[in-house]
$ cat data.cif   # mmCIF, C-alpha atoms; chains and numbers go by the auth columns
data_run
#
loop_
_atom_site.group_PDB
_atom_site.id
_atom_site.type_symbol
_atom_site.label_atom_id
_atom_site.label_comp_id
_atom_site.label_asym_id
_atom_site.label_seq_id
_atom_site.Cartn_x
_atom_site.Cartn_y
_atom_site.Cartn_z
_atom_site.B_iso_or_equiv
_atom_site.auth_seq_id
_atom_site.auth_asym_id
ATOM 1 C CA MET A 1 3.742 -0.463 -16.338 0.00 1 Y
ATOM 2 C CA GLU A 2 4.553 3.162 -17.027 0.00 2 Y
ATOM 3 C CA PRO A 3 4.703 5.013 -13.682 0.00 3 Y
ATOM 4 C CA VAL A 4 1.609 7.071 -12.912 0.00 4 Y
ATOM 5 C CA THR A 5 0.842 9.998 -10.622 0.00 5 Y
ATOM 6 C CA LEU A 6 -2.293 10.208 -8.479 0.00 6 Y
ATOM 7 C CA THR A 7 -3.609 13.308 -6.720 0.00 7 Y
ATOM 8 C CA THR A 8 -5.931 13.888 -3.788 0.00 8 Y
ATOM 9 C CA GLU A 9 -7.082 16.987 -1.968 0.00 9 Y
ATOM 10 C CA ARG A 10 -3.903 17.259 0.115 0.00 10 Y
ATOM 11 C CA LEU A 11 -1.451 14.865 -1.506 0.00 11 Y
ATOM 12 C CA VAL A 12 0.430 13.904 -4.635 0.00 12 Y
ATOM 13 C CA LEU A 13 1.348 10.251 -5.092 0.00 13 Y
ATOM 14 C CA ARG A 14 4.180 9.942 -7.580 0.00 14 Y
ATOM 15 C CA PRO A 15 7.078 7.570 -8.257 0.00 15 Y
ATOM 16 C CA PHE A 16 10.092 8.198 -6.065 0.00 16 Y
ATOM 17 C CA GLU A 17 12.909 10.287 -7.509 0.00 17 Y
ATOM 18 C CA PRO A 18 16.645 10.268 -6.674 0.00 18 Y
ATOM 19 C CA SER A 19 16.198 13.606 -4.910 0.00 19 Y
ATOM 20 C CA ASP A 20 13.876 11.896 -2.388 0.00 20 Y
ATOM 21 C CA ALA A 21 16.719 9.839 -0.898 0.00 21 Y
ATOM 22 C CA PRO A 22 17.543 12.234 1.996 0.00 22 Y
ATOM 23 C CA ALA A 23 13.888 12.423 3.075 0.00 23 Y
ATOM 24 C CA VAL A 24 13.471 8.640 2.856 0.00 24 Y
ATOM 25 C CA HIS A 25 16.632 8.130 4.891 0.00 25 Y
ATOM 26 C CA ALA A 26 15.479 10.611 7.541 0.00 26 Y
ATOM 27 C CA ALA A 27 12.008 9.033 7.820 0.00 27 Y
ATOM 28 C CA CYS A 28 13.403 5.517 8.201 0.00 28 Y
ATOM 29 C CA GLN A 29 15.489 6.498 11.227 0.00 29 Y
ATOM 30 C CA GLU A 30 12.273 6.445 13.254 0.00 30 Y
ATOM 31 C CA PRO A 31 12.303 3.044 15.027 0.00 31 Y
ATOM 32 C CA ASP A 32 8.731 2.025 14.203 0.00 32 Y
ATOM 33 C CA ILE A 33 9.395 1.861 10.458 0.00 33 Y
ATOM 34 C CA PRO A 34 12.168 -0.774 10.518 0.00 34 Y
ATOM 35 C CA ARG A 35 10.383 -2.513 13.391 0.00 35 Y
ATOM 36 C CA TRP A 36 7.175 -3.147 11.464 0.00 36 Y
ATOM 37 C CA THR A 37 8.280 -3.120 7.809 0.00 37 Y
ATOM 38 C CA SER A 38 10.867 -4.860 5.677 0.00 38 Y
ATOM 39 C CA VAL A 39 13.244 -1.883 5.365 0.00 39 Y
ATOM 40 C CA PRO A 40 16.829 -2.681 6.424 0.00 40 Y
ATOM 41 C CA SER A 41 17.905 -1.914 9.967 0.00 41 Y
ATOM 42 C CA PRO A 42 20.032 0.076 10.489 0.00 42 Y
ATOM 43 C CA TYR A 43 18.913 2.136 7.499 0.00 43 Y
ATOM 44 C CA GLY A 44 21.736 3.970 5.790 0.00 44 Y
ATOM 45 C CA VAL A 45 21.958 6.630 3.106 0.00 45 Y
ATOM 46 C CA ALA A 46 22.998 3.951 0.602 0.00 46 Y
ATOM 47 C CA ASP A 47 19.804 2.018 1.378 0.00 47 Y
ATOM 48 C CA ALA A 48 17.668 5.068 0.604 0.00 48 Y
ATOM 49 C CA GLU A 49 19.598 5.787 -2.596 0.00 49 Y
ATOM 50 C CA GLN A 50 19.204 2.194 -3.758 0.00 50 Y
ATOM 51 C CA PHE A 51 15.488 2.266 -2.973 0.00 51 Y
ATOM 52 C CA VAL A 52 14.678 5.439 -4.910 0.00 52 Y
ATOM 53 C CA GLY A 53 17.236 4.909 -7.679 0.00 53 Y
ATOM 54 C CA THR A 54 17.020 1.180 -8.359 0.00 54 Y
ATOM 55 C CA ILE A 55 14.316 -0.723 -6.457 0.00 55 Y
ATOM 56 C CA VAL A 56 11.422 1.621 -7.265 0.00 56 Y
ATOM 57 C CA PRO A 57 12.061 2.016 -11.018 0.00 57 Y
ATOM 58 C CA GLU A 58 12.748 -1.719 -11.410 0.00 58 Y
ATOM 59 C CA GLY A 59 9.482 -2.496 -9.634 0.00 59 Y
ATOM 60 C CA TRP A 60 7.497 -0.382 -12.094 0.00 60 Y
ATOM 61 C CA ARG A 61 9.435 -1.673 -15.084 0.00 61 Y
ATOM 62 C CA ASN A 62 9.134 -5.347 -14.106 0.00 62 Y
ATOM 63 C CA ASP A 63 5.555 -5.148 -12.762 0.00 63 Y
ATOM 64 C CA THR A 64 6.609 -6.490 -9.379 0.00 64 Y
ATOM 65 C CA THR A 65 5.929 -3.453 -7.148 0.00 65 Y
ATOM 66 C CA TYR A 66 4.275 -0.102 -7.827 0.00 66 Y
ATOM 67 C CA ASP A 67 5.739 2.256 -5.207 0.00 67 Y
ATOM 68 C CA PHE A 68 4.562 5.824 -4.699 0.00 68 Y
ATOM 69 C CA ALA A 69 6.119 8.680 -2.790 0.00 69 Y
ATOM 70 C CA VAL A 70 3.278 10.323 -0.847 0.00 70 Y
ATOM 71 C CA VAL A 71 4.036 14.047 -0.910 0.00 71 Y
ATOM 72 C CA SER A 72 2.249 17.027 0.621 0.00 72 Y
ATOM 73 C CA ARG A 73 0.756 19.390 -1.931 0.00 73 Y
ATOM 74 C CA ALA A 74 1.183 22.259 0.536 0.00 74 Y
ATOM 75 C CA ASP A 75 4.945 22.151 1.040 0.00 75 Y
ATOM 76 C CA GLY A 76 6.337 19.197 -0.937 0.00 76 Y
ATOM 77 C CA SER A 77 7.389 17.291 2.171 0.00 77 Y
ATOM 78 C CA LEU A 78 7.531 13.488 2.111 0.00 78 Y
ATOM 79 C CA VAL A 79 4.522 12.143 4.004 0.00 79 Y
ATOM 80 C CA GLY A 80 5.327 8.487 3.478 0.00 80 Y
ATOM 81 C CA ALA A 81 5.474 5.607 1.052 0.00 81 Y
ATOM 82 C CA MET A 82 2.644 3.524 -0.341 0.00 82 Y
ATOM 83 C CA GLY A 83 2.449 0.885 -3.002 0.00 83 Y
ATOM 84 C CA LEU A 84 1.017 -2.243 -4.477 0.00 84 Y
ATOM 85 C CA VAL A 85 3.335 -5.147 -3.746 0.00 85 Y
ATOM 86 C CA ARG A 86 3.519 -8.869 -4.505 0.00 86 Y
ATOM 87 C CA LEU A 87 2.112 -8.395 -7.981 0.00 87 Y
ATOM 88 C CA GLY A 88 2.873 -11.894 -9.244 0.00 88 Y
ATOM 89 C CA ARG A 89 -0.849 -12.675 -9.359 0.00 89 Y
ATOM 90 C CA LEU A 90 -2.028 -9.341 -10.745 0.00 90 Y
ATOM 91 C CA ARG A 91 -2.371 -10.652 -14.302 0.00 91 Y
ATOM 92 C CA THR A 92 -3.380 -14.204 -13.462 0.00 92 Y
ATOM 93 C CA PRO A 93 -6.963 -15.369 -12.869 0.00 93 Y
ATOM 94 C CA GLU A 94 -6.547 -14.371 -9.206 0.00 94 Y
ATOM 95 C CA ARG A 95 -6.211 -10.668 -10.163 0.00 95 Y
ATOM 96 C CA GLN A 96 -4.703 -9.989 -6.766 0.00 96 Y
ATOM 97 C CA ALA A 97 -2.337 -7.454 -5.173 0.00 97 Y
ATOM 98 C CA GLU A 98 -1.321 -6.310 -1.704 0.00 98 Y
ATOM 99 C CA LEU A 99 -1.297 -2.786 -0.279 0.00 99 Y
ATOM 100 C CA GLY A 100 1.725 -1.699 1.749 0.00 100 Y
ATOM 101 C CA TYR A 101 2.628 1.617 3.377 0.00 101 Y
ATOM 102 C CA TRP A 102 4.597 3.524 5.966 0.00 102 Y
ATOM 103 C CA THR A 103 4.176 7.081 7.214 0.00 103 Y
ATOM 104 C CA ALA A 104 6.796 9.547 8.423 0.00 104 Y
ATOM 105 C CA LYS A 105 6.378 10.186 12.149 0.00 105 Y
ATOM 106 C CA GLU A 106 5.645 13.901 11.836 0.00 106 Y
ATOM 107 C CA HIS A 107 2.724 13.231 9.478 0.00 107 Y
ATOM 108 C CA ARG A 108 0.924 10.594 11.518 0.00 108 Y
ATOM 109 C CA GLY A 109 -2.484 11.177 13.008 0.00 109 Y
ATOM 110 C CA ARG A 110 -3.685 13.485 10.221 0.00 110 Y
ATOM 111 C CA GLY A 111 -5.489 10.971 8.020 0.00 111 Y
ATOM 112 C CA CYS A 112 -2.946 11.305 5.216 0.00 112 Y
ATOM 113 C CA THR A 113 -2.270 7.586 4.913 0.00 113 Y
ATOM 114 C CA VAL A 114 -5.979 6.813 4.638 0.00 114 Y
ATOM 115 C CA GLU A 115 -6.380 9.562 2.027 0.00 115 Y
ATOM 116 C CA ALA A 116 -3.486 8.165 -0.003 0.00 116 Y
ATOM 117 C CA GLY A 117 -4.757 4.620 0.429 0.00 117 Y
ATOM 118 C CA ARG A 118 -8.153 5.490 -0.991 0.00 118 Y
ATOM 119 C CA ALA A 119 -6.494 6.909 -4.097 0.00 119 Y
ATOM 120 C CA VAL A 120 -4.385 3.791 -4.617 0.00 120 Y
ATOM 121 C CA LEU A 121 -7.172 1.298 -4.044 0.00 121 Y
ATOM 122 C CA ARG A 122 -9.494 3.138 -6.449 0.00 122 Y
ATOM 123 C CA TRP A 123 -6.730 3.094 -9.055 0.00 123 Y
ATOM 124 C CA ALA A 124 -6.102 -0.592 -8.401 0.00 124 Y
ATOM 125 C CA PHE A 125 -9.739 -1.591 -8.811 0.00 125 Y
ATOM 126 C CA ARG A 126 -10.768 0.793 -11.593 0.00 126 Y
ATOM 127 C CA GLU A 127 -7.636 0.891 -13.734 0.00 127 Y
ATOM 128 C CA LEU A 128 -5.668 -2.292 -12.992 0.00 128 Y
ATOM 129 C CA GLY A 129 -8.586 -4.683 -12.667 0.00 129 Y
ATOM 130 C CA VAL A 130 -7.606 -5.935 -9.208 0.00 130 Y
ATOM 131 C CA GLU A 131 -10.316 -8.252 -7.854 0.00 131 Y
ATOM 132 C CA ARG A 132 -8.863 -8.936 -4.422 0.00 132 Y
ATOM 133 C CA LEU A 133 -6.630 -6.512 -2.542 0.00 133 Y
ATOM 134 C CA GLU A 134 -4.891 -7.850 0.539 0.00 134 Y
ATOM 135 C CA TRP A 135 -3.316 -6.160 3.553 0.00 135 Y
ATOM 136 C CA HIS A 136 -0.715 -7.940 5.668 0.00 136 Y
ATOM 137 C CA ALA A 137 0.986 -6.722 8.848 0.00 137 Y
ATOM 138 C CA GLU A 138 2.940 -8.396 11.598 0.00 138 Y
ATOM 139 C CA ALA A 139 0.546 -9.173 14.446 0.00 139 Y
ATOM 140 C CA GLY A 140 0.722 -6.314 16.918 0.00 140 Y
ATOM 141 C CA ASN A 141 1.046 -3.513 14.362 0.00 141 Y
ATOM 142 C CA GLU A 142 -2.005 -1.635 15.603 0.00 142 Y
ATOM 143 C CA GLY A 143 -1.257 1.528 13.618 0.00 143 Y
ATOM 144 C CA SER A 144 -1.255 -0.275 10.298 0.00 144 Y
ATOM 145 C CA ARG A 145 -4.407 -2.193 11.209 0.00 145 Y
ATOM 146 C CA ALA A 146 -6.212 1.034 12.145 0.00 146 Y
ATOM 147 C CA VAL A 147 -5.463 2.458 8.685 0.00 147 Y
ATOM 148 C CA ALA A 148 -6.575 -0.757 6.976 0.00 148 Y
ATOM 149 C CA ARG A 149 -9.852 -0.748 8.873 0.00 149 Y
ATOM 150 C CA ARG A 150 -10.546 2.871 7.927 0.00 150 Y
ATOM 151 C CA LEU A 151 -9.950 1.900 4.313 0.00 151 Y
ATOM 152 C CA GLY A 152 -12.619 -0.760 4.639 0.00 152 Y
ATOM 153 C CA PHE A 153 -10.493 -3.899 4.770 0.00 153 Y
ATOM 154 C CA HIS A 154 -12.238 -6.911 6.263 0.00 154 Y
ATOM 155 C CA MET A 155 -10.057 -8.516 8.911 0.00 155 Y
ATOM 156 C CA GLU A 156 -9.776 -12.192 8.033 0.00 156 Y
ATOM 157 C CA GLY A 157 -7.625 -13.546 10.825 0.00 157 Y
ATOM 158 C CA THR A 158 -4.057 -14.477 11.704 0.00 158 Y
ATOM 159 C CA LEU A 159 -1.549 -16.367 9.574 0.00 159 Y
ATOM 160 C CA ARG A 160 0.451 -18.317 12.120 0.00 160 Y
ATOM 161 C CA ALA A 161 4.244 -18.274 11.788 0.00 161 Y
ATOM 162 C CA HIS A 162 3.873 -16.628 8.363 0.00 162 Y
ATOM 163 C CA LEU A 163 6.727 -14.135 8.696 0.00 163 Y
ATOM 164 C CA VAL A 164 10.377 -14.800 9.483 0.00 164 Y
ATOM 165 C CA ARG A 165 12.088 -11.786 11.030 0.00 165 Y
ATOM 166 C CA GLY A 166 15.450 -11.892 12.750 0.00 166 Y
ATOM 167 C CA GLY A 167 15.493 -15.669 12.634 0.00 167 Y
ATOM 168 C CA THR A 168 12.143 -15.932 14.429 0.00 168 Y
ATOM 169 C CA ARG A 169 8.774 -16.893 12.975 0.00 169 Y
ATOM 170 C CA ARG A 170 6.036 -14.371 13.699 0.00 170 Y
ATOM 171 C CA ASP A 171 2.282 -14.241 13.195 0.00 171 Y
ATOM 172 C CA VAL A 172 0.758 -11.983 10.536 0.00 172 Y
ATOM 173 C CA TRP A 173 -2.636 -10.292 10.436 0.00 173 Y
ATOM 174 C CA ILE A 174 -4.445 -10.414 7.099 0.00 174 Y
ATOM 175 C CA GLY A 175 -7.333 -8.429 5.661 0.00 175 Y
ATOM 176 C CA SER A 176 -8.952 -8.123 2.258 0.00 176 Y
ATOM 177 C CA LEU A 177 -10.895 -5.652 0.160 0.00 177 Y
ATOM 178 C CA LEU A 178 -13.004 -6.508 -2.890 0.00 178 Y
ATOM 179 C CA PRO A 179 -14.246 -4.201 -5.660 0.00 179 Y
ATOM 180 C CA SER A 180 -17.809 -4.768 -4.497 0.00 180 Y
ATOM 181 C CA ASP A 181 -16.838 -3.325 -1.108 0.00 181 Y
ATOM 182 C CA LEU A 182 -16.480 0.029 -2.904 0.00 182 Y
ATOM 183 C CA ALA A 183 -19.903 0.112 -4.499 0.00 183 Y
ATOM 184 C CA ASP A 184 -20.632 3.282 -2.541 0.00 184 Y
ATOM 185 C CA LEU A 185 -17.924 5.091 -4.526 0.00 185 Y
ATOM 186 C CA ALA A 186 -19.886 5.029 -7.784 0.00 186 Y
ATOM 187 C CA GLY A 187 -19.680 8.427 -9.419 0.00 187 Y
ATOM 188 C CA GLU A 188 -17.311 9.889 -6.823 0.00 188 Y
ATOM 189 C CA PRO A 189 -14.205 11.669 -8.079 0.00 189 Y
ATOM 190 C CA GLY A 190 -11.264 9.346 -8.556 0.00 190 Y
ATOM 191 C CA PRO A 191 -7.611 10.118 -7.684 0.00 191 Y
ATOM 192 C CA SER A 192 -7.209 12.417 -10.692 0.00 192 Y
ATOM 193 C CA GLY A 193 -10.436 14.279 -9.957 0.00 193 Y
ATOM 194 C CA ALA A 194 -12.425 12.627 -12.734 0.00 194 Y
ATOM 195 C CA ARG A 195 -15.634 10.867 -11.873 0.00 195 Y
ATOM 196 C CA GLY A 196 -15.373 7.187 -12.624 0.00 196 Y
ATOM 197 C CA PRO A 197 -17.626 4.135 -12.582 0.00 197 Y
ATOM 198 C CA ALA A 198 -18.022 1.970 -9.540 0.00 198 Y
ATOM 199 C CA ALA A 199 -15.489 -0.814 -9.205 0.00 199 Y
ATOM 200 C CA ARG A 200 -16.895 -4.209 -10.117 0.00 200 Y
ATOM 201 C CA ASP A 201 -16.041 -7.840 -9.471 0.00 201 Y
ATOM 202 C CA THR A 202 -15.680 -9.250 -12.999 0.00 202 Y
ATOM 203 C CA THR A 203 -15.084 -12.866 -11.975 0.00 203 Y
ATOM 204 C CA PRO A 204 -18.182 -14.411 -10.357 0.00 204 Y
ATOM 205 C CA TYR A 205 -17.832 -14.872 -6.595 0.00 205 Y
ATOM 206 C CA LEU A 206 -19.553 -17.706 -4.748 0.00 206 Y
ATOM 207 C CA PRO A 207 -19.035 -17.091 -1.009 0.00 207 Y
ATOM 208 C CA TYR A 208 -19.233 -20.053 1.332 0.00 208 Y
ATOM 209 C CA PRO A 209 -22.590 -19.888 3.137 0.00 209 Y
ATOM 210 C CA GLY A 210 -21.395 -21.415 6.396 0.00 210 Y
#
$ encode --input "data.cif" --output "structure tokens"
Amino acid sequence: MEPVTLTTERLVLRPFEPSDAPAVHAACQEPDIPRWTSVPSPYGVADAEQFVGTIVPEGWRNDTTYDFAVVSRADGSLVGAMGLVRLGRLRTPERQAELGYWTAKEHRGRGCTVEAGRAVLRWAFRELGVERLEWHAEAGNEGSRAVARRLGFHMEGTLRAHLVRGGTRRDVWIGSLLPSDLADLAGEPGPSGARGPAARDTTPYLPYPG
């Protein structure tokens, strides 16, 4: 996949660049980010440089992770990170991906993560053909769950002992979003400003009636 750039009213979502390393390092010093995500702890300058210089471009090149830097259009500051992860089933019959994100502390509470998320999920459904988008978070991560709910994810339950962190198994919350959940977006401007068609489920879905 060639890296793409998405735009919203307040934000630009673009691939990370080497010059983003200081801002990524600074953001990841806030304890909640290593607590609830998979970033290393402690998080050093070398970790940030490896992320922006190696991990991100390899993810795009190998179709394993599509990471975006979420940047303010007003002042160019780094708002956070967002991406599609676990893409091993993107081009299989499952047509599935997972949405992941973190937000710098000073930008929380402004709706920026939801705004960025809407751009990414529209791109995923309309352009990549995703038919099931998942959200996972360690049980207890209320901030991440609040964003997922505002994006329309249906909370599906708890995966017991799904995550191993620090040598301990932990429960994980899971939610999902389907293209048909976005039927109300038909004709609305997409991330680039162009008006696109509604997202559609292309594989027939037979929900269990029970």
$ atom_distance --input "data.cif" --atom1 "CA of Arg35 (chain Y)" --atom2 "CA of Asp63 (chain Y)"
26.7 Å
$ resolve_selection --input "data.cif" --expression "the PyMOL selection byres ((chain Y and resi 111-124) around 8)" --output "number ranges by chain"
Y: 6-8, 10-11, 13, 70, 79-80, 82-83, 101, 103, 107-110, 125-130, 133, 147-148, 150-151, 190-191, 199
$ atom_distance --input "data.cif" --atom1 "CA of Pro57 (chain Y)" --atom2 "CA of Pro15 (chain Y)"
8.0 Å
$ resolve_selection --input "data.cif" --expression "the PyMOL selection byres ((chain Y and resi 141) around 12)" --output "PyMOL selection string"
chain Y and resi 32-33+35-37+102+135-140+142-148+170-174
$ resolve_selection --input "data.cif" --expression "the PyMOL selection byres ((chain Y and resi 154) around 6)" --output "JSON list (two decimals) with C-alpha atoms, in the coordinates of the input"
[["chain", "number", "residue", "atom", "x", "y", "z"],
["Y", 153, "PHE", "CA", -10.49, -3.90, 4.77],
["Y", 155, "MET", "CA", -10.06, -8.52, 8.91],
["Y", 175, "GLY", "CA", -7.33, -8.43, 5.66],
["Y", 176, "SER", "CA", -8.95, -8.12, 2.26]]
$ atom_distance --input "data.cif" --atom1 "CA of Cys28 (chain Y)" --atom2 "CA of Thr54 (chain Y)"
17.5 Å
$ closest_residue --input "data.cif" --among "Y:Ala27, Y:Ala104, Y:Val39, Y:Met1" --to "Gly59 (chain Y)" --atoms "all atoms listed in the file"
Y:Met1
$ closest_residue --input "data.cif" --among "Y:Arg91, Y:Arg169, Y:Arg160, Y:Arg132" --to "Leu182 (chain Y)" --atoms "all atoms listed in the file"
Y:Arg132
$ residues_around --input "data.cif" --residues "Val52 (chain Y)" --least-positions-apart "3" --cutoff "7 Å" --atoms "all atoms listed in the file" --output "ChimeraX atom specification"
/Y:16-18,20-21,48-49,55-56
$ write_last_selection --input "data.cif" --atoms "C-alpha atoms" --output "PDB file, in the coordinates of the input"
ATOM      1  CA  PHE Y  16      10.092   8.198  -6.065  1.00  0.00           C
ATOM      2  CA  GLU Y  17      12.909  10.287  -7.509  1.00  0.00           C
ATOM      3  CA  PRO Y  18      16.645  10.268  -6.674  1.00  0.00           C
ATOM      4  CA  ASP Y  20      13.876  11.896  -2.388  1.00  0.00           C
ATOM      5  CA  ALA Y  21      16.719   9.839  -0.898  1.00  0.00           C
ATOM      6  CA  ALA Y  48      17.668   5.068   0.604  1.00  0.00           C
ATOM      7  CA  GLU Y  49      19.598   5.787  -2.596  1.00  0.00           C
ATOM      8  CA  ILE Y  55      14.316  -0.723  -6.457  1.00  0.00           C
ATOM      9  CA  VAL Y  56      11.422   1.621  -7.265  1.00  0.00           C
TER      10      VAL Y  56
END
$ closest_residue --input "data.cif" --among "Y:Leu159, Y:Leu206, Y:Ala26, Y:Val71" --to "Lys105 (chain Y)" --atoms "only C-alpha atoms"
Y:Ala26
